[in-house]
Every structure is written in C-alpha cells, then in structure tokens.
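**Q** entry.cif (mmCIF, C-alpha atoms, pLDDT in the B column; chains and numbers go by the auth columns) pasted underneath:
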```
data_work
#
loop_
_atom_site.group_PDB
_atom_site.id
_atom_site.type_symbol
_atom_site.label_atom_id
_atom_site.label_comp_id
_atom_site.label_asym_id
_atom_site.label_seq_id
_atom_site.Cartn_x
_atom_site.Cartn_y
_atom_site.Cartn_z
_atom_site.B_iso_or_equiv
_atom_site.auth_seq_id
_atom_site.auth_asym_id
ATOM 1 C CA MET A 1 85.817 75.339 101.132 74.00 1 A
ATOM 2 C CA GLN A 2 85.451 75.909 97.400 92.00 2 A
ATOM 3 C CA TRP A 3 84.142 79.455 97.806 95.00 3 A
ATOM 4 C CA LEU A 4 86.948 80.452 100.181 95.00 4 A
ATOM 5 C CA THR A 5 89.472 79.349 97.552 97.00 5 A
ATOM 6 C CA THR A 6 87.501 81.233 94.892 97.00 6 A
ATOM 7 C CA ALA A 7 87.449 84.414 96.982 97.00 7 A
ATOM 8 C CA ARG A 8 91.223 84.243 97.372 97.00 8 A
ATOM 9 C CA ASP A 9 91.637 83.696 93.628 97.00 9 A
ATOM 10 C CA LEU A 10 89.407 86.663 92.781 97.00 10 A
ATOM 11 C CA LYS A 11 92.002 89.065 94.130 96.00 11 A
ATOM 12 C CA ARG A 12 93.572 88.681 90.676 96.00 12 A
ATOM 13 C CA ARG A 13 92.106 90.501 87.680 96.00 13 A
ATOM 14 C CA LYS A 14 92.700 87.510 85.398 97.00 14 A
ATOM 15 C CA ALA A 15 90.642 85.307 87.712 97.00 15 A
ATOM 16 C CA ARG A 16 87.793 87.845 87.776 97.00 16 A
ATOM 17 C CA GLU A 17 87.808 88.034 83.993 96.00 17 A
ATOM 18 C CA ARG A 18 88.081 84.273 83.535 97.00 18 A
ATOM 19 C CA ASN A 19 85.254 83.441 85.948 96.00 19 A
ATOM 20 C CA GLY A 20 83.054 86.480 85.431 97.00 20 A
ATOM 21 C CA LEU A 21 82.877 86.910 89.202 98.00 21 A
ATOM 22 C CA PHE A 22 83.788 89.620 91.703 98.00 22 A
ATOM 23 C CA VAL A 23 84.016 90.093 95.464 98.00 23 A
ATOM 24 C CA ALA A 24 81.955 92.548 97.492 97.00 24 A
ATOM 25 C CA GLU A 25 83.560 93.052 100.896 97.00 25 A
ATOM 26 C CA GLY A 26 82.284 94.892 103.950 95.00 26 A
ATOM 27 C CA VAL A 27 78.872 95.313 105.516 96.00 27 A
ATOM 28 C CA ARG A 28 77.706 98.315 103.507 95.00 28 A
ATOM 29 C CA THR A 29 78.810 96.880 100.170 96.00 29 A
ATOM 30 C CA VAL A 30 77.157 93.530 100.857 97.00 30 A
ATOM 31 C CA GLU A 31 73.982 95.346 101.959 97.00 31 A
ATOM 32 C CA GLU A 32 73.892 97.098 98.581 97.00 32 A
ATOM 33 C CA LEU A 33 74.556 93.821 96.804 97.00 33 A
ATOM 34 C CA ALA A 34 71.656 92.192 98.656 96.00 34 A
ATOM 35 C CA ARG A 35 69.372 94.999 97.389 95.00 35 A
ATOM 36 C CA SER A 36 70.599 94.657 93.814 96.00 36 A
ATOM 37 C CA PRO A 37 69.397 92.343 91.030 95.00 37 A
ATOM 38 C CA LEU A 38 72.824 90.741 90.607 97.00 38 A
ATOM 39 C CA THR A 39 73.363 87.009 91.052 98.00 39 A
ATOM 40 C CA VAL A 40 75.167 86.228 94.311 98.00 40 A
ATOM 41 C CA GLU A 41 76.971 82.893 94.413 98.00 41 A
ATOM 42 C CA ALA A 42 78.037 82.680 98.060 98.00 42 A
ATOM 43 C CA VAL A 43 78.588 84.622 101.283 97.00 43 A
ATOM 44 C CA LEU A 44 81.515 84.178 103.669 97.00 44 A
ATOM 45 C CA VAL A 45 80.966 85.188 107.292 96.00 45 A
ATOM 46 C CA ALA A 46 83.807 85.346 109.806 95.00 46 A
ATOM 47 C CA ALA A 47 83.398 84.822 113.542 90.00 47 A
ATOM 48 C CA ARG A 48 84.030 88.542 114.172 90.00 48 A
ATOM 49 C CA ALA A 49 80.872 89.444 112.219 91.00 49 A
ATOM 50 C CA ALA A 50 78.582 87.002 114.032 82.00 50 A
ATOM 51 C CA SER A 51 77.214 89.603 116.467 84.00 51 A
ATOM 52 C CA ASP A 52 76.885 92.479 113.977 90.00 52 A
ATOM 53 C CA GLU A 53 73.184 93.225 113.409 94.00 53 A
ATOM 54 C CA ARG A 54 73.610 94.827 110.000 95.00 54 A
ATOM 55 C CA ALA A 55 75.850 92.006 108.809 93.00 55 A
ATOM 56 C CA GLY A 56 73.318 89.491 110.060 94.00 56 A
ATOM 57 C CA ALA A 57 70.445 91.228 108.278 96.00 57 A
ATOM 58 C CA ALA A 58 72.382 91.271 104.981 95.00 58 A
ATOM 59 C CA VAL A 59 73.241 87.591 105.337 95.00 59 A
ATOM 60 C CA CYS A 60 69.610 86.721 106.094 95.00 60 A
ATOM 61 C CA ALA A 61 68.433 88.667 103.033 96.00 61 A
ATOM 62 C CA LEU A 62 70.821 86.730 100.791 96.00 62 A
ATOM 63 C CA ALA A 63 70.087 83.396 102.453 96.00 63 A
ATOM 64 C CA ALA A 64 66.391 83.997 101.762 96.00 64 A
ATOM 65 C CA ARG A 65 67.312 84.115 98.075 95.00 65 A
ATOM 66 C CA GLY A 66 68.946 80.699 98.352 97.00 66 A
ATOM 67 C CA VAL A 67 72.524 81.967 98.509 97.00 67 A
ATOM 68 C CA PRO A 68 74.895 79.565 100.336 97.00 68 A
ATOM 69 C CA VAL A 69 76.284 81.031 103.580 96.00 69 A
ATOM 70 C CA LEU A 70 79.682 79.735 104.733 95.00 70 A
ATOM 71 C CA GLU A 71 80.985 80.372 108.237 94.00 71 A
ATOM 72 C CA VAL A 72 84.773 80.648 108.360 95.00 72 A
ATOM 73 C CA THR A 73 87.368 81.465 110.987 94.00 73 A
ATOM 74 C CA ASP A 74 88.758 84.969 111.234 94.00 74 A
ATOM 75 C CA ALA A 75 92.104 83.714 109.923 95.00 75 A
ATOM 76 C CA GLU A 76 90.489 82.023 106.929 95.00 76 A
ATOM 77 C CA PHE A 77 88.491 85.155 106.177 95.00 77 A
ATOM 78 C CA ASP A 78 91.580 87.371 106.411 95.00 78 A
ATOM 79 C CA SER A 79 93.305 85.223 103.779 95.00 79 A
ATOM 80 C CA ALA A 80 90.579 86.172 101.286 95.00 80 A
ATOM 81 C CA ALA A 81 89.935 89.752 102.404 93.00 81 A
ATOM 82 C CA ASP A 82 91.217 92.765 100.499 90.00 82 A
ATOM 83 C CA THR A 83 91.003 95.255 103.370 89.00 83 A
ATOM 84 C CA GLU A 84 93.529 95.955 106.099 87.00 84 A
ATOM 85 C CA HIS A 85 90.930 95.633 108.872 90.00 85 A
ATOM 86 C CA PRO A 86 88.251 93.259 107.522 93.00 86 A
ATOM 87 C CA GLN A 87 84.726 93.470 108.914 94.00 87 A
ATOM 88 C CA GLY A 88 84.183 89.761 108.420 96.00 88 A
ATOM 89 C CA LEU A 89 81.588 89.806 105.656 97.00 89 A
ATOM 90 C CA LEU A 90 82.252 89.036 101.999 97.00 90 A
ATOM 91 C CA ALA A 91 80.060 87.996 99.088 98.00 91 A
ATOM 92 C CA ILE A 92 80.992 86.486 95.729 98.00 92 A
ATOM 93 C CA ALA A 93 78.754 87.615 92.883 98.00 93 A
ATOM 94 C CA ARG A 94 78.491 87.349 89.122 98.00 94 A
ATOM 95 C CA GLN A 95 79.455 90.333 86.988 98.00 95 A
ATOM 96 C CA PRO A 96 76.500 91.643 84.959 96.00 96 A
ATOM 97 C CA GLN A 97 76.779 91.307 81.187 94.00 97 A
ATOM 98 C CA ARG A 98 77.149 94.901 80.032 95.00 98 A
ATOM 99 C CA SER A 99 78.821 96.430 77.005 95.00 99 A
ATOM 100 C CA LEU A 100 79.244 99.802 75.358 96.00 100 A
ATOM 101 C CA GLY A 101 77.040 98.795 72.441 94.00 101 A
ATOM 102 C CA ALA A 102 74.163 97.810 74.716 94.00 102 A
ATOM 103 C CA LEU A 103 73.832 101.226 76.380 94.00 103 A
ATOM 104 C CA THR A 104 70.511 102.993 75.899 89.00 104 A
ATOM 105 C CA LEU A 105 71.014 106.659 75.091 92.00 105 A
ATOM 106 C CA GLY A 106 68.576 109.509 75.464 90.00 106 A
ATOM 107 C CA LYS A 107 68.303 112.692 73.428 92.00 107 A
ATOM 108 C CA THR A 108 70.600 114.294 75.993 95.00 108 A
ATOM 109 C CA THR A 109 73.389 112.035 77.234 96.00 109 A
ATOM 110 C CA ARG A 110 76.596 112.252 79.200 97.00 110 A
ATOM 111 C CA LEU A 111 79.246 109.533 79.326 98.00 111 A
ATOM 112 C CA LEU A 112 82.229 109.723 81.658 98.00 112 A
ATOM 113 C CA VAL A 113 85.334 108.240 80.029 98.00 113 A
ATOM 114 C CA LEU A 114 88.180 107.032 82.267 98.00 114 A
ATOM 115 C CA ASP A 115 91.505 107.167 80.431 97.00 115 A
ATOM 116 C CA ALA A 116 94.124 105.028 82.247 96.00 116 A
ATOM 117 C CA ILE A 117 92.952 105.886 85.763 96.00 117 A
ATOM 118 C CA GLN A 118 95.079 103.626 87.931 95.00 118 A
ATOM 119 C CA ASP A 119 93.983 104.211 91.517 96.00 119 A
ATOM 120 C CA PRO A 120 91.070 101.907 92.465 96.00 120 A
ATOM 121 C CA GLY A 121 89.739 104.411 94.976 96.00 121 A
ATOM 122 C CA ASN A 122 89.583 107.101 92.292 96.00 122 A
ATOM 123 C CA VAL A 123 87.844 104.756 89.853 97.00 123 A
ATOM 124 C CA GLY A 124 85.213 103.857 92.431 97.00 124 A
ATOM 125 C CA VAL A 125 84.517 107.495 93.262 97.00 125 A
ATOM 126 C CA LEU A 126 84.418 108.374 89.548 98.00 126 A
ATOM 127 C CA ILE A 127 81.782 105.711 88.905 98.00 127 A
ATOM 128 C CA ARG A 128 79.754 106.889 91.896 97.00 128 A
ATOM 129 C CA THR A 129 80.063 110.526 90.811 97.00 129 A
ATOM 130 C CA ALA A 130 78.990 109.765 87.242 97.00 130 A
ATOM 131 C CA ALA A 131 75.881 107.999 88.525 97.00 131 A
ATOM 132 C CA ALA A 132 75.065 110.769 91.006 97.00 132 A
ATOM 133 C CA LEU A 133 75.303 113.472 88.345 97.00 133 A
ATOM 134 C CA GLY A 134 73.043 111.675 85.889 95.00 134 A
ATOM 135 C CA ALA A 135 75.530 110.242 83.407 97.00 135 A
ATOM 136 C CA THR A 136 74.356 107.287 81.327 97.00 136 A
ATOM 137 C CA ALA A 137 77.481 105.240 82.025 97.00 137 A
ATOM 138 C CA ALA A 138 81.173 105.267 82.853 98.00 138 A
ATOM 139 C CA VAL A 139 83.515 103.871 80.203 98.00 139 A
ATOM 140 C CA ALA A 140 86.899 102.490 81.290 98.00 140 A
ATOM 141 C CA LEU A 141 89.608 102.564 78.620 97.00 141 A
ATOM 142 C CA PRO A 142 92.776 100.407 78.578 96.00 142 A
ATOM 143 C CA GLY A 143 95.132 101.201 81.437 95.00 143 A
ATOM 144 C CA THR A 144 92.255 101.867 83.829 97.00 144 A
ATOM 145 C CA VAL A 145 91.990 99.556 86.815 96.00 145 A
ATOM 146 C CA ASP A 146 89.393 96.776 86.521 95.00 146 A
ATOM 147 C CA VAL A 147 85.954 98.143 87.451 97.00 147 A
ATOM 148 C CA TRP A 148 85.277 94.916 89.411 97.00 148 A
ATOM 149 C CA ASN A 149 88.393 95.264 91.539 97.00 149 A
ATOM 150 C CA ALA A 150 87.310 94.841 95.190 96.00 150 A
ATOM 151 C CA LYS A 151 88.519 98.320 96.198 96.00 151 A
ATOM 152 C CA VAL A 152 86.697 99.879 93.238 97.00 152 A
ATOM 153 C CA VAL A 153 83.486 98.135 94.319 97.00 153 A
ATOM 154 C CA ARG A 154 83.886 99.398 97.901 96.00 154 A
ATOM 155 C CA SER A 155 84.794 102.944 96.860 96.00 155 A
ATOM 156 C CA ALA A 156 81.764 103.085 94.579 96.00 156 A
ATOM 157 C CA THR A 157 79.625 101.722 97.458 93.00 157 A
ATOM 158 C CA GLY A 158 78.100 99.235 95.074 92.00 158 A
ATOM 159 C CA THR A 159 77.044 101.846 92.503 96.00 159 A
ATOM 160 C CA GLN A 160 78.004 99.581 89.591 95.00 160 A
ATOM 161 C CA PHE A 161 75.550 96.944 90.819 97.00 161 A
ATOM 162 C CA ARG A 162 72.936 99.046 88.993 96.00 162 A
ATOM 163 C CA PHE A 163 74.866 101.722 87.079 97.00 163 A
ATOM 164 C CA PRO A 164 76.711 100.648 83.888 97.00 164 A
ATOM 165 C CA ALA A 165 80.489 100.793 84.169 97.00 165 A
ATOM 166 C CA VAL A 166 81.814 99.197 80.974 97.00 166 A
ATOM 167 C CA GLU A 167 85.208 98.627 79.405 96.00 167 A
ATOM 168 C CA ALA A 168 86.147 99.517 75.825 97.00 168 A
ATOM 169 C CA THR A 169 89.124 100.222 73.589 96.00 169 A
ATOM 170 C CA VAL A 170 89.737 103.712 72.267 96.00 170 A
ATOM 171 C CA ALA A 171 88.821 102.574 68.745 95.00 171 A
ATOM 172 C CA ALA A 172 85.579 100.959 69.937 96.00 172 A
ATOM 173 C CA LEU A 173 84.670 104.107 71.843 97.00 173 A
ATOM 174 C CA GLN A 174 85.289 106.260 68.778 96.00 174 A
ATOM 175 C CA ASP A 175 83.138 103.995 66.589 96.00 175 A
ATOM 176 C CA TYR A 176 80.358 104.115 69.166 97.00 176 A
ATOM 177 C CA LEU A 177 80.471 107.905 69.471 96.00 177 A
ATOM 178 C CA ASP A 178 80.492 108.355 65.705 96.00 178 A
ATOM 179 C CA HIS A 179 77.546 105.987 65.305 95.00 179 A
ATOM 180 C CA HIS A 180 75.474 107.839 67.903 95.00 180 A
ATOM 181 C CA GLY A 181 76.500 111.356 66.967 94.00 181 A
ATOM 182 C CA MET A 182 78.277 112.062 70.251 96.00 182 A
ATOM 183 C CA ALA A 183 81.099 114.532 70.739 97.00 183 A
ATOM 184 C CA LEU A 184 84.190 113.652 72.782 98.00 184 A
ATOM 185 C CA TRP A 185 85.676 116.352 74.997 98.00 185 A
ATOM 186 C CA GLY A 186 88.750 116.049 77.180 97.00 186 A
ATOM 187 C CA THR A 187 89.726 117.776 80.409 95.00 187 A
ATOM 188 C CA ASP A 188 93.115 119.392 80.930 92.00 188 A
ATOM 189 C CA ALA A 189 94.541 122.498 82.604 88.00 189 A
ATOM 190 C CA SER A 190 95.569 123.799 79.175 87.00 190 A
ATOM 191 C CA GLY A 191 92.031 123.640 77.756 90.00 191 A
ATOM 192 C CA SER A 192 89.412 126.307 77.144 93.00 192 A
ATOM 193 C CA PRO A 193 87.725 127.676 80.289 94.00 193 A
ATOM 194 C CA ILE A 194 84.709 125.511 81.018 96.00 194 A
ATOM 195 C CA ASP A 195 82.430 128.501 81.594 91.00 195 A
ATOM 196 C CA ALA A 196 83.149 129.756 78.068 91.00 196 A
ATOM 197 C CA VAL A 197 81.875 126.699 76.187 94.00 197 A
ATOM 198 C CA HIS A 198 78.445 125.349 75.304 93.00 198 A
ATOM 199 C CA ALA A 199 78.092 121.594 75.533 95.00 199 A
ATOM 200 C CA PRO A 200 76.177 119.579 72.905 96.00 200 A
ATOM 201 C CA ASP A 201 73.207 117.419 73.923 96.00 201 A
ATOM 202 C CA ARG A 202 75.192 114.211 73.527 97.00 202 A
ATOM 203 C CA LEU A 203 78.653 114.363 75.023 98.00 203 A
ATOM 204 C CA ALA A 204 81.379 112.028 76.291 98.00 204 A
ATOM 205 C CA ILE A 205 83.735 113.669 78.804 98.00 205 A
ATOM 206 C CA ALA A 206 87.189 112.128 79.255 98.00 206 A
ATOM 207 C CA VAL A 207 89.381 112.444 82.334 97.00 207 A
ATOM 208 C CA GLY A 208 93.002 111.350 82.217 93.00 208 A
ATOM 209 C CA ASN A 209 95.571 109.507 84.269 91.00 209 A
ATOM 210 C CA GLU A 210 96.341 110.916 87.729 84.00 210 A
ATOM 211 C CA GLY A 211 99.893 111.862 86.777 85.00 211 A
ATOM 212 C CA ALA A 212 100.108 111.933 82.977 85.00 212 A
ATOM 213 C CA GLY A 213 96.685 113.305 82.056 89.00 213 A
ATOM 214 C CA LEU A 214 94.959 112.338 78.817 94.00 214 A
ATOM 215 C CA SER A 215 96.752 109.844 76.605 94.00 215 A
ATOM 216 C CA ASP A 216 97.861 111.036 73.171 93.00 216 A
ATOM 217 C CA ALA A 217 95.619 108.425 71.532 92.00 217 A
ATOM 218 C CA LEU A 218 92.543 109.892 73.199 94.00 218 A
ATOM 219 C CA ARG A 219 93.498 113.560 73.153 94.00 219 A
ATOM 220 C CA GLU A 220 93.839 113.567 69.371 94.00 220 A
ATOM 221 C CA ARG A 221 90.249 112.307 69.085 95.00 221 A
ATOM 222 C CA CYS A 222 88.792 115.052 71.300 96.00 222 A
ATOM 223 C CA SER A 223 86.964 117.814 69.464 96.00 223 A
ATOM 224 C CA ALA A 224 87.495 120.119 72.456 96.00 224 A
ATOM 225 C CA VAL A 225 89.493 120.218 75.681 96.00 225 A
ATOM 226 C CA VAL A 226 88.153 122.152 78.674 96.00 226 A
ATOM 227 C CA SER A 227 89.738 123.355 81.902 92.00 227 A
ATOM 228 C CA LEU A 228 88.490 124.278 85.352 92.00 228 A
ATOM 229 C CA PRO A 229 89.302 127.518 87.203 90.00 229 A
ATOM 230 C CA MET A 230 92.037 127.002 89.773 84.00 230 A
ATOM 231 C CA ALA A 231 94.021 129.173 92.156 85.00 231 A
ATOM 232 C CA PRO A 232 97.556 129.886 90.852 84.00 232 A
ATOM 233 C CA ASP A 233 99.294 128.264 93.823 83.00 233 A
ATOM 234 C CA VAL A 234 97.486 124.919 93.394 81.00 234 A
ATOM 235 C CA GLU A 235 98.982 122.352 91.030 77.00 235 A
ATOM 236 C CA SER A 236 95.921 120.299 90.149 80.00 236 A
ATOM 237 C CA TYR A 237 92.572 118.822 91.185 86.00 237 A
ATOM 238 C CA ASN A 238 92.068 115.249 92.253 91.00 238 A
ATOM 239 C CA VAL A 239 90.730 113.475 89.147 94.00 239 A
ATOM 240 C CA ALA A 240 87.439 112.471 90.800 94.00 240 A
ATOM 241 C CA VAL A 241 86.839 116.014 92.062 94.00 241 A
ATOM 242 C CA ALA A 242 87.620 117.427 88.615 94.00 242 A
ATOM 243 C CA ALA A 243 85.228 114.970 86.976 96.00 243 A
ATOM 244 C CA GLY A 244 82.438 115.897 89.377 96.00 244 A
ATOM 245 C CA ILE A 245 82.819 119.627 88.766 96.00 245 A
ATOM 246 C CA THR A 246 83.036 119.073 85.007 96.00 246 A
ATOM 247 C CA LEU A 247 79.949 116.858 84.849 97.00 247 A
ATOM 248 C CA PHE A 248 78.009 119.382 86.914 96.00 248 A
ATOM 249 C CA ALA A 249 79.151 122.338 84.804 95.00 249 A
ATOM 250 C CA LEU A 250 78.368 120.533 81.530 95.00 250 A
ATOM 251 C CA ARG A 251 75.113 118.913 82.636 90.00 251 A
ATOM 252 C CA PRO A 252 72.363 118.958 79.966 84.00 252 A
#
```
Kindly return the structure encoded in the file as structure tokens.
**A**
Amino acid sequence: MQWLTTARDLKRRKARERNGLFVAEGVRTVEELARSPLTVEAVLVAARAASDERAGAAVCALAARGVPVLEVTDAEFDSAADTEHPQGLLAIARQPQRSLGALTLGKTTRLLVLDAIQDPGNVGVLIRTAAALGATAAVALPGTVDVWNAKVVRSATGTQFRFPAVEATVAALQDYLDHHGMALWGTDASGSPIDAVHAPDRLAIAVGNEGAGLSDALRERCSAVVSLPMAPDVESYNVAVAAGITLFALRP
C-alpha cells in the first residue's frame, strides 16, 4: 500500500515540497484532474465510492491513461483523507514545474499577489477568482498557505491544474516586476478610492492577510494603495471578495 502511505504523508507541506506531489480529493476535483494535462501517479478508491457513477467515470478516464487504481477500505481511505466526510475518491498527482520567471506576459497583464493569506479556503477561491477574471497568474508570498494544500486544491476546484499559481519571495517579486515594467498596487481600507484611479496596462495587485492586512515589507514597495467603497457599519470585506471586486474594477 505504498500510495496509501504516500497520501497520508502528503497531508504535510514538507512532504509535498520534498516529493513534488499533491493530493486531489473528492469527485469533482478528481474529474478536473482527469481532464488536465498533469501527471497522475495513483488513484485511491474507497468502498463507499464504488457505486458512484461520476467517481467511476473519473477512475476509468485515469485508468485509461495507465494510472494505477487502488481499492481500499473506507477506514484506510479515511486515514488519508483531508475532509470531514470523505467521498471516497482521491488521486495523487505531480505538481507542475512553474515559476514566476517562466510566466508569459502580454501587453496588458494582471497578477494577483497573495500576501500571507493563511486560510486555505480563501487561497483556493483567490486562485479561482484570479483565473476567472483573466489574471495571468496568482503569486503566493511567504506566509501564504501552500497552493498545493488539499483544501486549497478543492476550494479552487482544480483551477491550478491549468492556471499558474506560483510562490515567490517579496524580493524576487520586486525584481520580476521591475524587469517587466509592472507596477505593484496594494489594497487597504485606508487607500485611495478605486473609482478615482487609472490602472496601468501591466499591474500586480496585492491583497493582505485576513487579519493584519498587507505586510510592511510589501506595503512599502507599493506605488499605490486602493480601497473599495463600503458601508460605514461594515468592518471589512472577505479577502477573496475584495480581490474579485478589485480585479474587476481594475481590469485592462
């Protein structure tokens, strides 16, 4: 049961980084993985998923590609699952080799920068939102949860199987932006009203930690900080909602 042991190990970020692997759990996420160009190493199927038509179709699609399919007991599956109520389908796949420097930029470009976003659900929705609103990539800075965390993958519904979500240091991001002539703007309630600014063609938009906002290291590198309109009796937006509104308002 090598792959069962591997799936359990991949709950840890260090194991994902060391092996270059990740887990896709749940029927919908595995369906998206089966449609993607990523390399899938193995599929685990629990007894509870045996009669599920969609699960069966996803397994057949991967098996047709030569992916090993391992049948496990519900208890064995639960020991590897990340969800509270597992559906009984899990795939182990190889992380694509992507980096900030390898991104292809157009004349007009938007990058979404995640500055120490700690909730995996938020990170997944942020990646999905960036892709939906036409950004070139999402860039995760230090302090942000691993983009290949199983909950991130589920929350993004497999978006990062095709859409670049890369990790970088603040210094590496700054070098990249300088090299490509891109501005860096931050988002904060104290910033300039978003409807009063004109965005450049190439722009990186940074959203900050759920509680603390933008880090000092990133804020000092921003050439502008923008804010969204908000009713006076509301404290703040959810970070993923704020990012979506900002990307839409500042679209090229």
**Q** Give me, as a PyMOL selection string, all polymer residues having an atom no more than 12 Å from Leu70 (chain A), counting all atoms listed in the file and skipping those fewer than 6 positions away in the same chain.
**A** chain A and resi 1-4+7+41-47+50+59+62-63+76-77+88-92
**Q** Quick check on the file I pasted: which residues fall under the PyMOL selection byres ((chain A and resi 242) around 10)? Write them as an mmCIF file with C-alpha atoms, in the coordinates of the input.
**A**
```cif
data_model
loop_
_atom_site.group_PDB
_atom_site.id
_atom_site.type_symbol
_atom_site.label_atom_id
_atom_site.label_comp_id
_atom_site.auth_asym_id
_atom_site.auth_seq_id
_atom_site.Cartn_x
_atom_site.Cartn_y
_atom_site.Cartn_z
ATOM 1 C CA LEU A 126 84.418 108.374 89.548
ATOM 2 C CA THR A 187 89.726 117.776 80.409
ATOM 3 C CA ASP A 188 93.115 119.392 80.930
ATOM 4 C CA VAL A 207 89.381 112.444 82.334
ATOM 5 C CA SER A 227 89.738 123.355 81.902
ATOM 6 C CA LEU A 228 88.490 124.278 85.352
ATOM 7 C CA SER A 236 95.921 120.299 90.149
ATOM 8 C CA TYR A 237 92.572 118.822 91.185
ATOM 9 C CA ASN A 238 92.068 115.249 92.253
ATOM 10 C CA VAL A 239 90.730 113.475 89.147
ATOM 11 C CA ALA A 240 87.439 112.471 90.800
ATOM 12 C CA VAL A 241 86.839 116.014 92.062
ATOM 13 C CA ALA A 243 85.228 114.970 86.976
ATOM 14 C CA GLY A 244 82.438 115.897 89.377
ATOM 15 C CA ILE A 245 82.819 119.627 88.766
ATOM 16 C CA THR A 246 83.036 119.073 85.007
ATOM 17 C CA LEU A 247 79.949 116.858 84.849
ATOM 18 C CA PHE A 248 78.009 119.382 86.914
#
```
**Q** How far is it from CA of Met182 (chain A) to CA of Arg219 (chain A), in Å with one decimal?
**A**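 Between these atoms lies a distance of 15.6 Å.
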**Q** Could you check which of A:Gly66, A:Gly211, A:Gly20, A:Pro229 is closest to Ala189 (chain A), using all atoms listed in the file?
**A**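 Looking only at the distances to Ala189 (chain A), the closest residue turns out to be A:Pro229.
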**Q** Determine the nearest neighbour of Leu133 (chain A) from the options A:Gly56, A:Gly208, A:Arg251, A:Ala231, counting all atoms listed in the file.
**A**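 Residue with the minimum atom-to-atom distance to Leu133 (chain A): A:Arg251.
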**Q** What do you get, as a list in words, if you spell out every residue that the PyMOL selection byres ((chain A and resi 193) around 7) selects here?
**A**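 For this structure, the PyMOL selection byres ((chain A and resi 193) around 7) resolves to Gly191, Ser192, Ile194, Asp195, Ala196, Val226, Ser227 and Leu228 of chain A.
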**Q** Taking only C-alpha atoms into account, which of A:Glu71, A:Glu25, A:Asp9, A:Asp115 comes nearest Val152 (chain A)?
**A**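 Of A:Glu71, A:Glu25, A:Asp9, A:Asp115, the one nearest Val152 (chain A), counting only C-alpha atoms, is A:Glu25.
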**Q** Can you list, as a list in words, every protein, DNA or RNA residue that comes within 8 Å of region 176-181 of chain A when you count only C-alpha atoms, leaving out same-chain residues fewer than 2 positions away?
**A** Leu100, Gly101, Ala172, Leu173, Gln174, Ala183, Leu184 and Arg202 of chain A
**Q** Hey, can you check how far CA of Leu218 (chain A) sits from CA of Val197 (chain A)?
**A**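 A separation of 20.1 Å between them.
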**Q** For this file, the PyMOL selection byres ((chain A and resi 117) around 7) selects which residues, as a PyMOL selection string?
**A** chain A and resi 114-116+118-119+123+143-145+208-210
